[in-house]
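Shown next: run-v8.cif, containing mmCIF, C-alpha atoms.
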```
data_data
loop_
_atom_site.label_atom_id
_atom_site.label_comp_id
_atom_site.auth_asym_id
_atom_site.auth_seq_id
_atom_site.Cartn_x
_atom_site.Cartn_y
_atom_site.Cartn_z
CA MET G 1 16.02 -55.86 28.28
CA SER G 2 16.12 -55.02 31.99
CA GLN G 3 12.98 -53.87 33.80
CA SER G 4 14.38 -50.36 34.29
CA LYS G 5 15.14 -49.99 30.56
CA ARG G 6 11.65 -51.22 29.67
CA ARG G 7 10.12 -48.58 31.98
CA LEU G 8 12.31 -45.87 30.36
CA ALA G 9 11.30 -46.93 26.84
CA ARG G 10 7.63 -46.96 27.83
CA ARG G 11 7.91 -43.42 29.20
CA GLU G 12 9.55 -42.21 25.95
CA VAL G 13 6.78 -43.74 23.82
CA LEU G 14 4.09 -42.26 26.04
CA GLY G 15 5.84 -38.89 25.82
CA LEU G 16 5.84 -39.02 22.03
CA LEU G 17 2.19 -40.03 21.91
CA ALA G 18 1.31 -37.18 24.25
CA ALA G 19 3.02 -34.74 21.91
CA VAL G 20 1.10 -35.91 18.83
CA PRO G 21 -2.19 -34.11 19.66
CA ALA G 22 -0.25 -30.90 20.20
CA VAL G 23 1.38 -31.21 16.78
CA PHE G 24 -1.95 -31.89 15.07
CA SER G 25 -3.58 -29.12 17.08
CA SER G 26 -0.87 -26.70 15.93
CA ARG G 27 -1.32 -27.71 12.30
CA SER G 28 -5.08 -27.40 12.60
CA ALA G 29 -4.76 -23.93 14.10
CA LEU G 30 -2.41 -22.91 11.28
CA ALA G 31 -4.88 -24.18 8.69
CA GLN G 32 -7.62 -22.03 10.26
CA GLU G 33 -5.59 -18.82 10.35
CA PRO G 34 -7.26 -16.21 8.13
CA ILE G 35 -5.74 -15.06 4.87
CA LYS G 36 -5.06 -11.35 5.34
CA VAL G 37 -5.83 -9.07 2.39
CA GLY G 38 -5.44 -5.29 2.45
CA GLY G 39 -7.64 -3.09 0.26
CA ILE G 40 -5.97 0.20 -0.71
CA PHE G 41 -8.67 2.55 -2.03
CA PRO G 42 -9.48 6.29 -1.72
CA LEU G 43 -12.20 5.99 0.92
CA THR G 44 -12.30 9.70 1.73
CA GLY G 45 -11.59 12.79 -0.34
CA GLY G 46 -12.28 13.68 -3.95
CA ASN G 47 -12.21 10.14 -5.37
CA SER G 48 -14.02 8.47 -2.49
CA VAL G 49 -17.11 7.77 -4.63
CA PHE G 50 -15.12 5.36 -6.78
CA GLY G 51 -13.03 4.06 -3.89
CA ASN G 52 -15.96 3.06 -1.73
CA GLN G 53 -17.87 1.55 -4.64
CA ASN G 54 -14.84 -0.52 -5.66
CA PHE G 55 -14.17 -1.61 -2.08
CA GLN G 56 -17.80 -2.57 -1.50
CA GLY G 57 -17.68 -4.80 -4.58
CA VAL G 58 -14.49 -6.50 -3.36
CA GLU G 59 -15.94 -6.87 0.12
CA THR G 60 -19.10 -8.49 -1.24
CA ALA G 61 -16.99 -11.02 -3.16
CA ILE G 62 -14.92 -11.85 -0.06
CA GLU G 63 -18.06 -12.27 2.08
CA LEU G 64 -19.52 -14.62 -0.54
CA VAL G 65 -16.33 -16.70 -0.68
CA ASN G 66 -16.16 -16.90 3.12
CA ASP G 67 -19.82 -17.96 3.35
CA ARG G 68 -19.10 -20.69 0.82
CA GLY G 69 -16.36 -22.11 3.04
CA GLY G 70 -13.45 -19.80 2.37
CA VAL G 71 -10.26 -20.74 0.54
CA LYS G 72 -9.25 -24.32 1.34
CA GLY G 73 -11.08 -23.99 4.64
CA ARG G 74 -9.52 -20.64 5.52
CA LYS G 75 -11.49 -17.40 5.74
CA ILE G 76 -10.25 -14.18 4.16
CA GLN G 77 -9.84 -11.19 6.47
CA LEU G 78 -10.15 -7.92 4.57
CA PHE G 79 -8.44 -4.79 5.92
CA LYS G 80 -9.18 -1.21 4.84
CA GLY G 81 -6.46 1.20 3.80
CA ASP G 82 -7.57 4.74 2.93
CA GLY G 83 -5.42 5.79 0.00
CA ASN G 84 -7.01 9.21 -0.38
CA SER G 85 -3.75 10.57 -1.85
CA PRO G 86 -0.51 9.03 -3.12
CA GLN G 87 1.18 9.87 0.20
CA ALA G 88 -1.65 8.24 2.15
CA ALA G 89 -1.53 5.17 -0.09
CA ILE G 90 2.17 4.72 0.70
CA SER G 91 1.54 5.14 4.41
CA GLU G 92 -1.45 2.79 4.50
CA THR G 93 0.28 0.06 2.52
CA ASN G 94 3.23 0.13 4.90
CA ARG G 95 0.94 0.29 7.95
CA LEU G 96 -0.98 -2.80 6.94
CA ALA G 97 2.23 -4.63 6.04
CA SER G 98 4.08 -3.81 9.28
CA ARG G 99 1.32 -3.69 11.89
CA GLU G 100 -1.22 -6.20 10.56
CA GLY G 101 1.13 -8.57 8.74
CA VAL G 102 -0.68 -8.15 5.42
CA ARG G 103 1.20 -9.61 2.46
CA ILE G 104 -1.60 -9.53 -0.12
CA PHE G 105 -3.09 -6.27 -1.40
CA VAL G 106 -5.91 -5.30 -3.74
CA GLY G 107 -6.71 -1.88 -5.20
CA SER G 108 -6.88 0.90 -6.25
CA SER G 109 -9.58 3.01 -8.02
CA THR G 110 -7.06 5.53 -9.42
CA SER G 111 -3.68 5.22 -11.09
CA ALA G 112 -2.18 7.80 -8.72
CA VAL G 113 -2.97 5.48 -5.79
CA GLY G 114 -2.24 2.21 -7.57
CA MET G 115 1.18 3.19 -8.86
CA VAL G 116 2.61 4.01 -5.43
CA ALA G 117 0.72 1.39 -3.39
CA SER G 118 1.89 -1.42 -5.69
CA GLN G 119 5.44 -0.07 -5.53
CA GLU G 120 5.39 -0.22 -1.72
CA ALA G 121 3.90 -3.72 -1.78
CA GLU G 122 6.67 -4.88 -4.12
CA ARG G 123 9.27 -3.29 -1.86
CA ASN G 124 7.79 -5.16 1.11
CA GLY G 125 7.87 -8.47 -0.73
CA ALA G 126 4.06 -8.53 -0.89
CA PHE G 127 1.63 -9.42 -3.68
CA TYR G 128 -0.50 -6.72 -5.33
CA TRP G 129 -3.70 -7.46 -7.27
CA GLU G 130 -4.84 -4.46 -9.32
CA GLY G 131 -8.27 -4.10 -10.81
CA MET G 132 -9.03 -0.46 -11.40
CA ALA G 133 -5.89 1.65 -12.06
CA VAL G 134 -5.51 2.09 -15.83
CA ALA G 135 -2.18 3.92 -16.37
CA ASN G 136 -0.54 2.39 -19.43
CA ASN G 137 2.85 2.16 -17.70
CA TYR G 138 1.43 0.32 -14.67
CA THR G 139 2.69 -3.01 -15.98
CA GLU G 140 5.89 -1.61 -17.50
CA ARG G 141 7.91 -1.42 -14.26
CA ASP G 142 9.36 -4.97 -14.17
CA PHE G 143 7.69 -5.73 -10.83
CA LYS G 144 7.49 -9.44 -10.07
CA ASN G 145 4.50 -9.59 -7.77
CA VAL G 146 2.13 -7.00 -9.29
CA PHE G 147 -0.70 -8.17 -11.57
CA ARG G 148 -3.47 -6.14 -13.18
CA MET G 149 -6.73 -7.95 -13.84
CA GLY G 150 -8.43 -4.82 -15.18
CA LEU G 151 -7.94 -2.65 -18.23
CA SER G 152 -5.16 -0.35 -19.32
CA ALA G 153 -6.04 3.16 -20.46
CA ALA G 154 -5.98 1.92 -24.03
CA GLY G 155 -8.46 -0.84 -23.22
CA LEU G 156 -10.75 1.69 -21.53
CA GLY G 157 -10.63 4.37 -24.23
CA GLU G 158 -10.66 2.38 -27.47
CA PRO G 159 -14.32 1.22 -27.36
CA ALA G 160 -15.52 4.84 -27.62
CA PRO G 161 -14.34 5.52 -31.20
CA LEU G 162 -15.09 1.92 -32.20
CA TYR G 163 -18.69 2.36 -31.08
CA ALA G 164 -18.83 5.75 -32.76
CA ALA G 165 -17.75 4.27 -36.08
CA GLU G 166 -19.74 1.03 -35.94
CA VAL G 167 -23.00 2.18 -34.34
CA LEU G 168 -23.39 5.92 -33.73
CA ALA G 169 -22.30 7.20 -37.15
CA PRO G 170 -24.85 5.04 -39.00
CA MET G 171 -27.56 6.09 -36.53
CA LEU G 172 -26.65 9.73 -37.17
CA LYS G 173 -26.59 9.04 -40.93
CA ILE G 174 -23.01 10.31 -41.15
CA ASP G 175 -20.14 8.43 -42.74
CA SER G 176 -17.69 7.66 -39.90
CA LYS G 177 -14.86 9.38 -41.82
CA ASN G 178 -16.95 12.56 -41.90
CA LEU G 179 -17.73 12.57 -38.16
CA LYS G 180 -16.51 15.67 -36.36
CA VAL G 181 -15.33 14.63 -32.91
CA ALA G 182 -14.06 16.72 -29.99
CA VAL G 183 -11.97 15.01 -27.29
CA VAL G 184 -11.88 16.67 -23.85
CA ALA G 185 -10.17 15.35 -20.72
CA GLU G 186 -8.96 16.30 -17.27
CA ASP G 187 -5.17 16.54 -17.25
CA SER G 188 -4.06 13.84 -14.78
CA ALA G 189 -2.38 10.65 -15.99
CA PHE G 190 -5.84 9.09 -16.26
CA GLY G 191 -7.23 11.76 -18.56
CA VAL G 192 -4.06 12.07 -20.64
CA ASP G 193 -3.61 8.33 -21.19
CA VAL G 194 -7.26 7.55 -21.92
CA SER G 195 -7.76 10.51 -24.27
CA ARG G 196 -4.55 9.62 -26.08
CA ALA G 197 -5.88 6.09 -26.61
CA VAL G 198 -9.18 7.52 -27.88
CA ILE G 199 -7.40 9.71 -30.44
CA ALA G 200 -5.08 6.93 -31.61
CA GLN G 201 -7.99 4.56 -32.18
CA ALA G 202 -10.06 7.28 -33.88
CA GLU G 203 -7.22 8.03 -36.28
CA LYS G 204 -6.93 4.34 -37.19
CA LEU G 205 -10.61 4.41 -38.08
CA GLY G 206 -10.28 7.60 -40.11
CA ILE G 207 -12.35 9.67 -37.67
CA LYS G 208 -11.45 13.37 -37.62
CA ILE G 209 -10.55 14.92 -34.26
CA GLY G 210 -11.49 18.59 -34.46
CA LEU G 211 -10.40 19.47 -30.90
CA ARG G 212 -8.39 17.99 -28.08
CA GLU G 213 -8.66 20.00 -24.88
CA LEU G 214 -7.09 19.24 -21.49
CA TYR G 215 -8.07 21.02 -18.27
CA SER G 216 -7.61 20.62 -14.51
CA ALA G 217 -10.18 18.40 -12.80
CA LYS G 218 -10.11 20.90 -9.93
CA THR G 219 -11.52 23.69 -12.08
CA THR G 220 -14.71 25.39 -10.97
CA ASP G 221 -15.62 26.83 -14.38
CA LEU G 222 -15.77 24.94 -17.67
CA SER G 223 -17.89 27.54 -19.47
CA PRO G 224 -14.97 28.69 -21.71
CA LEU G 225 -14.66 25.08 -22.92
CA VAL G 226 -18.41 24.89 -23.52
CA LEU G 227 -18.24 28.09 -25.58
CA LYS G 228 -15.39 26.69 -27.64
CA LEU G 229 -17.33 23.48 -28.29
CA ARG G 230 -20.48 25.37 -29.24
CA SER G 231 -18.46 27.37 -31.75
CA LEU G 232 -16.82 24.23 -33.19
CA ASP G 233 -20.15 22.37 -33.26
CA PRO G 234 -18.82 18.77 -33.28
CA ASP G 235 -21.13 15.85 -33.96
CA MET G 236 -19.81 14.06 -30.92
CA ILE G 237 -17.89 14.75 -27.71
CA ILE G 238 -15.74 12.04 -26.16
CA ALA G 239 -14.87 13.05 -22.59
CA THR G 240 -12.59 11.65 -19.89
CA GLN G 241 -13.65 13.13 -16.54
CA PHE G 242 -13.85 12.40 -12.84
CA ILE G 243 -17.17 12.86 -11.07
CA ASN G 244 -17.02 16.52 -9.96
CA ASP G 245 -15.90 17.88 -13.33
CA ALA G 246 -18.30 15.56 -15.18
CA ILE G 247 -21.20 17.02 -13.18
CA LEU G 248 -19.94 20.58 -13.68
CA PHE G 249 -19.56 20.07 -17.42
CA GLN G 250 -23.09 18.74 -17.87
CA ARG G 251 -24.60 21.50 -15.73
CA GLN G 252 -22.80 24.26 -17.60
CA MET G 253 -23.73 22.79 -20.99
CA LYS G 254 -27.33 22.82 -19.84
CA GLU G 255 -27.07 26.42 -18.58
CA MET G 256 -25.70 27.44 -21.97
CA ASN G 257 -28.31 25.35 -23.80
CA TYR G 258 -25.68 23.36 -25.66
CA SER G 259 -25.57 19.69 -26.56
CA PRO G 260 -23.82 17.69 -29.31
CA LYS G 261 -25.57 14.99 -31.33
CA ALA G 262 -23.87 12.34 -29.16
CA PHE G 263 -21.90 12.39 -25.91
CA VAL G 264 -19.57 9.54 -24.94
CA GLY G 265 -17.72 9.45 -21.62
CA THR G 266 -14.89 7.06 -20.78
CA SER G 267 -15.81 5.48 -17.44
CA ALA G 268 -14.98 7.25 -14.13
CA GLY G 269 -17.38 10.21 -13.85
CA HIS G 270 -19.74 8.84 -16.50
CA SER G 271 -20.03 5.33 -15.08
CA THR G 272 -21.18 5.98 -11.53
CA LEU G 273 -24.67 6.37 -10.07
CA SER G 274 -23.51 9.66 -8.56
CA LEU G 275 -23.81 11.29 -11.99
CA ALA G 276 -27.51 10.43 -12.26
CA GLU G 277 -28.08 11.52 -8.66
CA ALA G 278 -26.54 14.90 -9.45
CA ILE G 279 -28.06 15.78 -12.84
CA GLY G 280 -31.24 13.69 -12.89
CA LYS G 281 -32.92 13.07 -16.25
CA ASP G 282 -30.19 15.02 -18.07
CA VAL G 283 -28.05 11.92 -17.74
CA ASN G 284 -30.30 10.01 -20.15
CA GLY G 285 -28.75 9.38 -23.55
CA ILE G 286 -25.14 9.74 -22.39
CA PHE G 287 -22.84 6.85 -23.35
CA SER G 288 -19.72 5.69 -21.56
CA SER G 289 -16.83 3.59 -22.80
CA SER G 290 -16.41 1.64 -19.62
CA PHE G 291 -15.43 -1.33 -17.60
CA PRO G 292 -18.28 -3.77 -18.33
CA LEU G 293 -21.36 -3.32 -16.18
CA ASP G 294 -23.20 -6.42 -17.21
CA ALA G 295 -23.07 -9.27 -19.69
CA ASN G 296 -25.53 -11.05 -21.90
CA LEU G 297 -26.47 -14.05 -19.77
CA ASN G 298 -26.07 -16.39 -22.74
CA SER G 299 -22.37 -15.48 -22.88
CA LEU G 300 -21.71 -16.44 -19.24
CA SER G 301 -20.75 -19.78 -17.71
CA ALA G 302 -23.15 -21.43 -15.26
CA GLU G 303 -20.81 -20.48 -12.40
CA ALA G 304 -20.73 -16.83 -13.51
CA ARG G 305 -24.53 -16.73 -13.69
CA ALA G 306 -24.74 -18.12 -10.16
CA ASP G 307 -22.16 -15.55 -8.98
CA ARG G 308 -24.14 -12.76 -10.63
CA GLU G 309 -27.36 -13.76 -8.91
CA ALA G 310 -25.63 -14.01 -5.53
CA PHE G 311 -23.85 -10.67 -6.01
CA LEU G 312 -26.99 -8.74 -6.96
CA LYS G 313 -28.96 -10.23 -4.08
CA ARG G 314 -26.26 -9.54 -1.48
CA TYR G 315 -25.38 -6.05 -2.68
CA GLU G 316 -28.95 -4.81 -2.95
CA ALA G 317 -29.83 -6.27 0.47
CA LYS G 318 -26.87 -4.54 2.14
CA TYR G 319 -26.75 -1.18 0.34
CA LYS G 320 -30.39 -0.81 -0.81
CA VAL G 321 -29.30 0.05 -4.35
CA ALA G 322 -28.47 -1.95 -7.47
CA PRO G 323 -24.71 -2.22 -8.10
CA ALA G 324 -23.26 -0.29 -11.04
CA VAL G 325 -19.96 -0.40 -12.95
CA GLN G 326 -17.51 0.27 -10.12
CA GLU G 327 -19.19 -2.15 -7.72
CA SER G 328 -19.40 -4.88 -10.36
CA LEU G 329 -15.72 -4.42 -11.20
CA GLY G 330 -14.78 -4.71 -7.52
CA PHE G 331 -16.74 -7.95 -7.22
CA VAL G 332 -15.02 -9.47 -10.26
CA VAL G 333 -11.58 -8.47 -8.96
CA GLY G 334 -12.33 -9.91 -5.51
CA ILE G 335 -13.82 -13.20 -6.70
CA ALA G 336 -10.93 -13.82 -9.12
CA LEU G 337 -8.30 -13.15 -6.45
CA ALA G 338 -9.97 -15.48 -3.96
CA ARG G 339 -11.10 -18.31 -6.21
CA ASP G 340 -8.62 -18.41 -9.06
CA ILE G 341 -5.40 -17.15 -7.49
CA LEU G 342 -5.53 -17.91 -3.75
CA GLY G 343 -7.54 -21.04 -4.48
CA ASN G 344 -4.86 -22.44 -6.80
CA ALA G 345 -1.70 -21.26 -5.03
CA THR G 346 0.32 -23.72 -2.92
CA SER G 347 0.58 -21.05 -0.21
CA ASP G 348 -0.29 -17.39 0.26
CA SER G 349 3.32 -16.22 -0.14
CA ALA G 350 4.01 -13.66 -2.86
CA SER G 351 6.15 -16.10 -4.85
CA ASP G 352 3.46 -18.80 -4.85
CA LEU G 353 0.75 -16.28 -5.73
CA ARG G 354 2.92 -15.08 -8.60
CA GLU G 355 3.29 -18.65 -9.84
CA ALA G 356 -0.46 -19.22 -9.61
CA SER G 357 -1.10 -15.98 -11.52
CA LEU G 358 1.25 -16.90 -14.33
CA LYS G 359 -0.44 -20.31 -14.68
CA VAL G 360 -4.07 -19.16 -14.45
CA ASP G 361 -6.17 -19.84 -17.54
CA VAL G 362 -9.82 -18.83 -17.10
CA PRO G 363 -11.98 -18.66 -20.26
CA VAL G 364 -13.87 -15.54 -21.34
CA GLY G 365 -17.37 -15.59 -19.85
CA SER G 366 -16.27 -16.94 -16.47
CA TYR G 367 -16.91 -13.71 -14.53
CA ILE G 368 -20.13 -11.74 -14.19
CA ASN G 369 -18.91 -9.00 -16.56
CA GLY G 370 -17.91 -11.49 -19.26
CA TRP G 371 -14.16 -11.41 -18.66
CA GLY G 372 -11.71 -14.27 -18.44
CA LEU G 373 -8.21 -14.36 -16.94
CA LYS G 374 -4.88 -14.98 -18.66
CA PHE G 375 -1.78 -12.87 -17.99
CA ASP G 376 1.00 -11.86 -20.32
CA ASP G 377 4.60 -11.84 -19.09
CA LYS G 378 4.19 -8.28 -17.77
CA GLY G 379 1.24 -9.12 -15.53
CA GLN G 380 -1.56 -7.69 -17.71
CA ASN G 381 -4.76 -9.67 -18.11
CA ARG G 382 -5.33 -10.28 -21.83
CA ARG G 383 -8.93 -11.40 -21.36
CA ALA G 384 -10.25 -8.11 -19.99
CA PHE G 385 -12.08 -5.88 -22.45
CA GLY G 386 -13.98 -2.62 -22.40
CA SER G 387 -17.62 -2.12 -23.23
CA VAL G 388 -20.10 0.70 -23.79
CA VAL G 389 -23.02 1.53 -21.52
CA GLN G 390 -25.77 4.08 -22.02
CA TRP G 391 -27.85 5.92 -19.45
CA GLN G 392 -31.49 4.99 -20.04
CA ASP G 393 -34.21 5.98 -17.56
CA GLN G 394 -31.38 7.11 -15.24
CA LYS G 395 -29.88 3.63 -15.19
CA MET G 396 -26.77 2.27 -16.93
CA ILE G 397 -27.57 -0.25 -19.67
CA SER G 398 -24.96 -2.31 -21.54
CA VAL G 399 -25.17 -1.76 -25.30
CA TYR G 400 -21.80 -2.96 -26.73
CA PRO G 401 -20.12 -5.35 -27.63
CA ALA G 402 -22.49 -8.21 -28.48
CA ALA G 403 -21.32 -10.35 -25.53
CA ASN G 404 -22.35 -7.56 -23.15
CA LYS G 405 -25.31 -6.05 -24.96
CA VAL G 406 -28.61 -6.25 -23.10
CA HIS G 407 -30.51 -3.41 -24.85
CA ASP G 408 -30.41 -1.29 -28.02
CA PRO G 409 -29.20 2.32 -27.80
CA ILE G 410 -31.78 5.11 -27.67
CA MET G 411 -31.85 8.92 -27.99
CA VAL G 412 -29.50 9.16 -30.98
CA PRO G 413 -29.19 11.97 -31.84
CA LEU G 414 -29.59 13.53 -28.42
CA PRO G 415 -32.90 15.39 -28.18
CA ALA G 416 -33.22 18.90 -26.82
CA ARG G 417 -32.56 19.25 -23.11
CA ASN G 418 -36.23 19.68 -22.23
CA ALA G 419 -37.13 16.46 -24.06
CA ARG G 420 -34.83 14.07 -22.17
#
```
Structure encoded using structure tokens:
Amino acid sequence: MSQSKRRLARREVLGLLAAVPAVFSSRSALAQEPIKVGGIFPLTGGNSVFGNQNFQGVETAIELVNDRGGVKGRKIQLFKGDGNSPQAAISETNRLASREGVRIFVGSSTSAVGMVASQEAERNGAFYWEGMAVANNYTERDFKNVFRMGLSAAGLGEPAPLYAAEVLAPMLKIDSKNLKVAVVAEDSAFGVDVSRAVIAQAEKLGIKIGLRELYSAKTTDLSPLVLKLRSLDPDMIIATQFINDAILFQRQMKEMNYSPKAFVGTSAGHSTLSLAEAIGKDVNGIFSSSFPLDANLNSLSAEARADREAFLKRYEAKYKVAPAVQESLGFVVGIALARDILGNATSDSASDLREASLKVDVPVGSYINGWGLKFDDKGQNRRAFGSVVQWQDQKMISVYPAANKVHDPIMVPLPARNAR
């Protein structure tokens, strides 16, 4: 080889070697890019209590994952989208997708928000991870990239009559088939679907439904309903309500000096600290068929117990209050998305996240609320289950099922108002 050709070859080799650091630097930079996740929750407006509590739980989970090293060395960047109405949820989902490049979403606190936000995510080719919306038809839309870790309306409502038959009826010394039950609910999709599930389960158990009453959650007067209930005199009321109407209902029952032998809510307005803040000691004795608040520690894996300790410590340090149902649910949804979906996907594309979701197989007891994770072919988690909590000393206490029970129920039948 001539001298000139040797010099040319040397320059080409040196040029290639010089380019190698740039290639590795580019790959390293790509590996460190954050994983963008958009949270679509009602952060203002009528449902902001639930939205902020859910978001704070998700945020705590993401902060914990990031502090533990992130997902395969990458940190998760969480964006806020205020879905304070269906129209706002559509707008915010599209804003985060187009302006911020978000292709992974989590939500949604209410079905009205979740239904439209997940639809927009699917239209944008994004992945949607639902934890809180319970509409029964949420997973019936043939969407490819929408998965619900949380409960359907049926899963949320069914524990109420089960608990009534198995526990409350014997405590009241009434045969479950002789229980007189009134079912009341606000008339959105949430109230209609959950109350329908309550009635269907009650009928299977032979429980008589003496009244089913729907009303607008925007009402400012529930006294006619209270009068109707006082006249009917049911042993038990099972109610599906948001926070404002739940507070109004309890206050007007107190004003009219009325109370059934047992009162069972179905999450939402009966499973948030805001209820106790509003009505004080009158909250004591109320039950709620709910997303699980807590779990018996003996039913949890070692990892779930460690997560629980970290969650309680972080949340109480930041917000100066113990987390309740909505916050706990948000944490479970966030930790599962980060650890068990993003952590096992080959990339953060919607198709790879879908594949990871369909393959996931997490045993019951792996999350702080006792849940596991296994999806059916429609994207519904089959290892999520409802529970029952009771307000005791103005705090929510898990009482059912056995895997979640941390204390026995009290105040059955409900004592007079001035004795609570």
Answer key for the PyMOL selection byres ((chain G and resi 185) around 6), residues as a PDB file with C-alpha atoms, in the frame of the given file:
```
ATOM      1  CA  VAL G 184     -11.880  16.670 -23.850  1.00  0.00           C
ATOM      2  CA  GLU G 186      -8.960  16.300 -17.270  1.00  0.00           C
ATOM      3  CA  GLY G 191      -7.230  11.760 -18.560  1.00  0.00           C
ATOM      4  CA  LEU G 214      -7.090  19.240 -21.490  1.00  0.00           C
ATOM      5  CA  ALA G 239     -14.870  13.050 -22.590  1.00  0.00           C
ATOM      6  CA  THR G 240     -12.590  11.650 -19.890  1.00  0.00           C
ATOM      7  CA  GLN G 241     -13.650  13.130 -16.540  1.00  0.00           C
TER       8      GLN G 241
END
```
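By only C-alpha atoms, and with residues fewer than 2 positions from stretch 342-354 of chain G along its chain excluded, the set lying at most 9 Å from it is G:Ile35, G:Val71, G:Lys72, G:Arg103, G:Ile104, G:Gly125, G:Ala126, G:Phe127, G:Tyr128, G:Lys144, G:Asn145, G:Val146, G:Phe147, G:Ala336, G:Leu337, G:Ala338, G:Arg339, G:Asp340, G:Ala356, G:Ser357, G:Leu358, G:Lys359, G:Val360.
Of the residues listed (G:Arg308, G:Lys261, G:Lys228, G:Lys254), G:Lys261 shows the shortest atom-to-atom separation from G:Leu172; distances use all atoms listed in the file.
For the atom pair formed by atom CA of G:Ala402 and atom CA of G:Ala295, the distance is 8.9 Å, given to one decimal.
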**Message:** Restricting the calculation to all atoms listed in the file: of G:Val389, G:Ala89, G:Ala135, G:Ala403, which residue gets closest to G:Leu151?
**Reply:** G:Ala135
**Message:** Using only C-alpha atoms, which protein or nucleic acid residues come within 12 Å of G:Tyr258? Drop anything in the same chain fewer than 2 positions from it, and give the result as a list of chain:residue names.
**Reply:** G:Ser223, G:Leu225, G:Val226, G:Leu227, G:Lys228, G:Leu229, G:Arg230, G:Ser231, G:Leu232, G:Asp233, G:Pro234, G:Ile237, G:Phe249, G:Gln250, G:Arg251, G:Gln252, G:Met253, G:Lys254, G:Glu255, G:Met256, G:Pro260, G:Lys261, G:Ala262, G:Phe263, G:Leu414, G:Pro415, G:Ala416, G:Arg417, G:Asn418
So what does the PyMOL selection byres ((chain G and resi 196-198) around 9) actually pick up in this one, as a PDB file with C-alpha atoms, in the coordinates of the input?
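out38.pdb, written as the output of this step:
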```pdb
ATOM      1  CA  ALA G 153      -6.040   3.160 -20.460  1.00  0.00           C
ATOM      2  CA  ALA G 154      -5.980   1.920 -24.030  1.00  0.00           C
ATOM      3  CA  GLY G 155      -8.460  -0.840 -23.220  1.00  0.00           C
ATOM      4  CA  LEU G 156     -10.750   1.690 -21.530  1.00  0.00           C
ATOM      5  CA  GLY G 157     -10.630   4.370 -24.230  1.00  0.00           C
ATOM      6  CA  GLU G 158     -10.660   2.380 -27.470  1.00  0.00           C
ATOM      7  CA  PRO G 159     -14.320   1.220 -27.360  1.00  0.00           C
ATOM      8  CA  ALA G 160     -15.520   4.840 -27.620  1.00  0.00           C
ATOM      9  CA  PRO G 161     -14.340   5.520 -31.200  1.00  0.00           C
ATOM     10  CA  VAL G 183     -11.970  15.010 -27.290  1.00  0.00           C
ATOM     11  CA  GLY G 191      -7.230  11.760 -18.560  1.00  0.00           C
ATOM     12  CA  VAL G 192      -4.060  12.070 -20.640  1.00  0.00           C
ATOM     13  CA  ASP G 193      -3.610   8.330 -21.190  1.00  0.00           C
ATOM     14  CA  VAL G 194      -7.260   7.550 -21.920  1.00  0.00           C
ATOM     15  CA  SER G 195      -7.760  10.510 -24.270  1.00  0.00           C
ATOM     16  CA  ILE G 199      -7.400   9.710 -30.440  1.00  0.00           C
ATOM     17  CA  ALA G 200      -5.080   6.930 -31.610  1.00  0.00           C
ATOM     18  CA  GLN G 201      -7.990   4.560 -32.180  1.00  0.00           C
ATOM     19  CA  ALA G 202     -10.060   7.280 -33.880  1.00  0.00           C
ATOM     20  CA  GLU G 203      -7.220   8.030 -36.280  1.00  0.00           C
ATOM     21  CA  ILE G 238     -15.740  12.040 -26.160  1.00  0.00           C
TER      22      ILE G 238
END
```
**Prompt:** What is the atom CA of G:Thr44-atom CA of G:Ser85 distance in Å, reported with one decimal?
**Reply:**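 Result for atom CA of G:Thr44 versus atom CA of G:Ser85: 9.3 Å, one decimal.
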**Message:** Calculated over all atoms listed in the file, which of the candidates G:Ser108, G:Gln380, G:Asn54, G:Asn257 has the smallest distance to G:Phe143?
**Reply:**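 Smallest separation from G:Phe143 among the options: G:Gln380.
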**Target residues per the PyMOL selection byres ((chain G and resi 406) around 9), formatted as an MDAnalysis selection string** = chainID G and resid 294:297 397:400 402:405 407:408
**Item:** Selected residue of minimal separation from G:Tyr315 among G:Ser328, G:Ser387, G:Gln119, G:Ser366, counting all atoms listed in the file
**Value:**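 Between G:Ser328, G:Ser387, G:Gln119, G:Ser366, the residue approaching G:Tyr315 most closely is G:Ser328.
If you look at atom CA of G:Ser299 and atom CA of G:Gly365, they are 5.8 Å away from each other.
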**Message:** Considering all atoms listed in the file, can you say which of G:Gly280, G:Pro363, G:Gly51, G:Gly379 comes closest to G:Met132?
**Reply:** G:Gly51
**Request:** Rank nothing, just name the residue among G:Val388, G:Ile286, G:Ile335, G:Leu329 nearest to G:Ile76, using all atoms listed in the file.
**Result:**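 Selected residue with least distance to G:Ile76: G:Ile335.
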**Prompt:** What's the 7 Å shell around G:Ala61, counting only C-alpha atoms, without same-chain residues fewer than 2 positions away, as number ranges by chain?
**Reply:** G: 57-59, 63-65, 331, 334-335
**Message:** What's around G:Ala278 at 12 Å? Count only C-alpha atoms, leave out sequence neighbours fewer than 6 positions away in its own chain, and write the answer as a PyMOL selection string.
**Reply:** chain G and resi 243-251+269-270+272+394
With C-alpha atoms retained, export the selected residues as a tab-separated table (two decimals), in the coordinates of the input.
```
chain	number	residue	atom	x	y	z
G	243	ILE	CA	-17.17	12.86	-11.07
G	244	ASN	CA	-17.02	16.52	-9.96
G	245	ASP	CA	-15.90	17.88	-13.33
G	246	ALA	CA	-18.30	15.56	-15.18
G	247	ILE	CA	-21.20	17.02	-13.18
G	248	LEU	CA	-19.94	20.58	-13.68
G	249	PHE	CA	-19.56	20.07	-17.42
G	250	GLN	CA	-23.09	18.74	-17.87
G	251	ARG	CA	-24.60	21.50	-15.73
G	269	GLY	CA	-17.38	10.21	-13.85
G	270	HIS	CA	-19.74	8.84	-16.50
G	272	THR	CA	-21.18	5.98	-11.53
G	394	GLN	CA	-31.38	7.11	-15.24
```
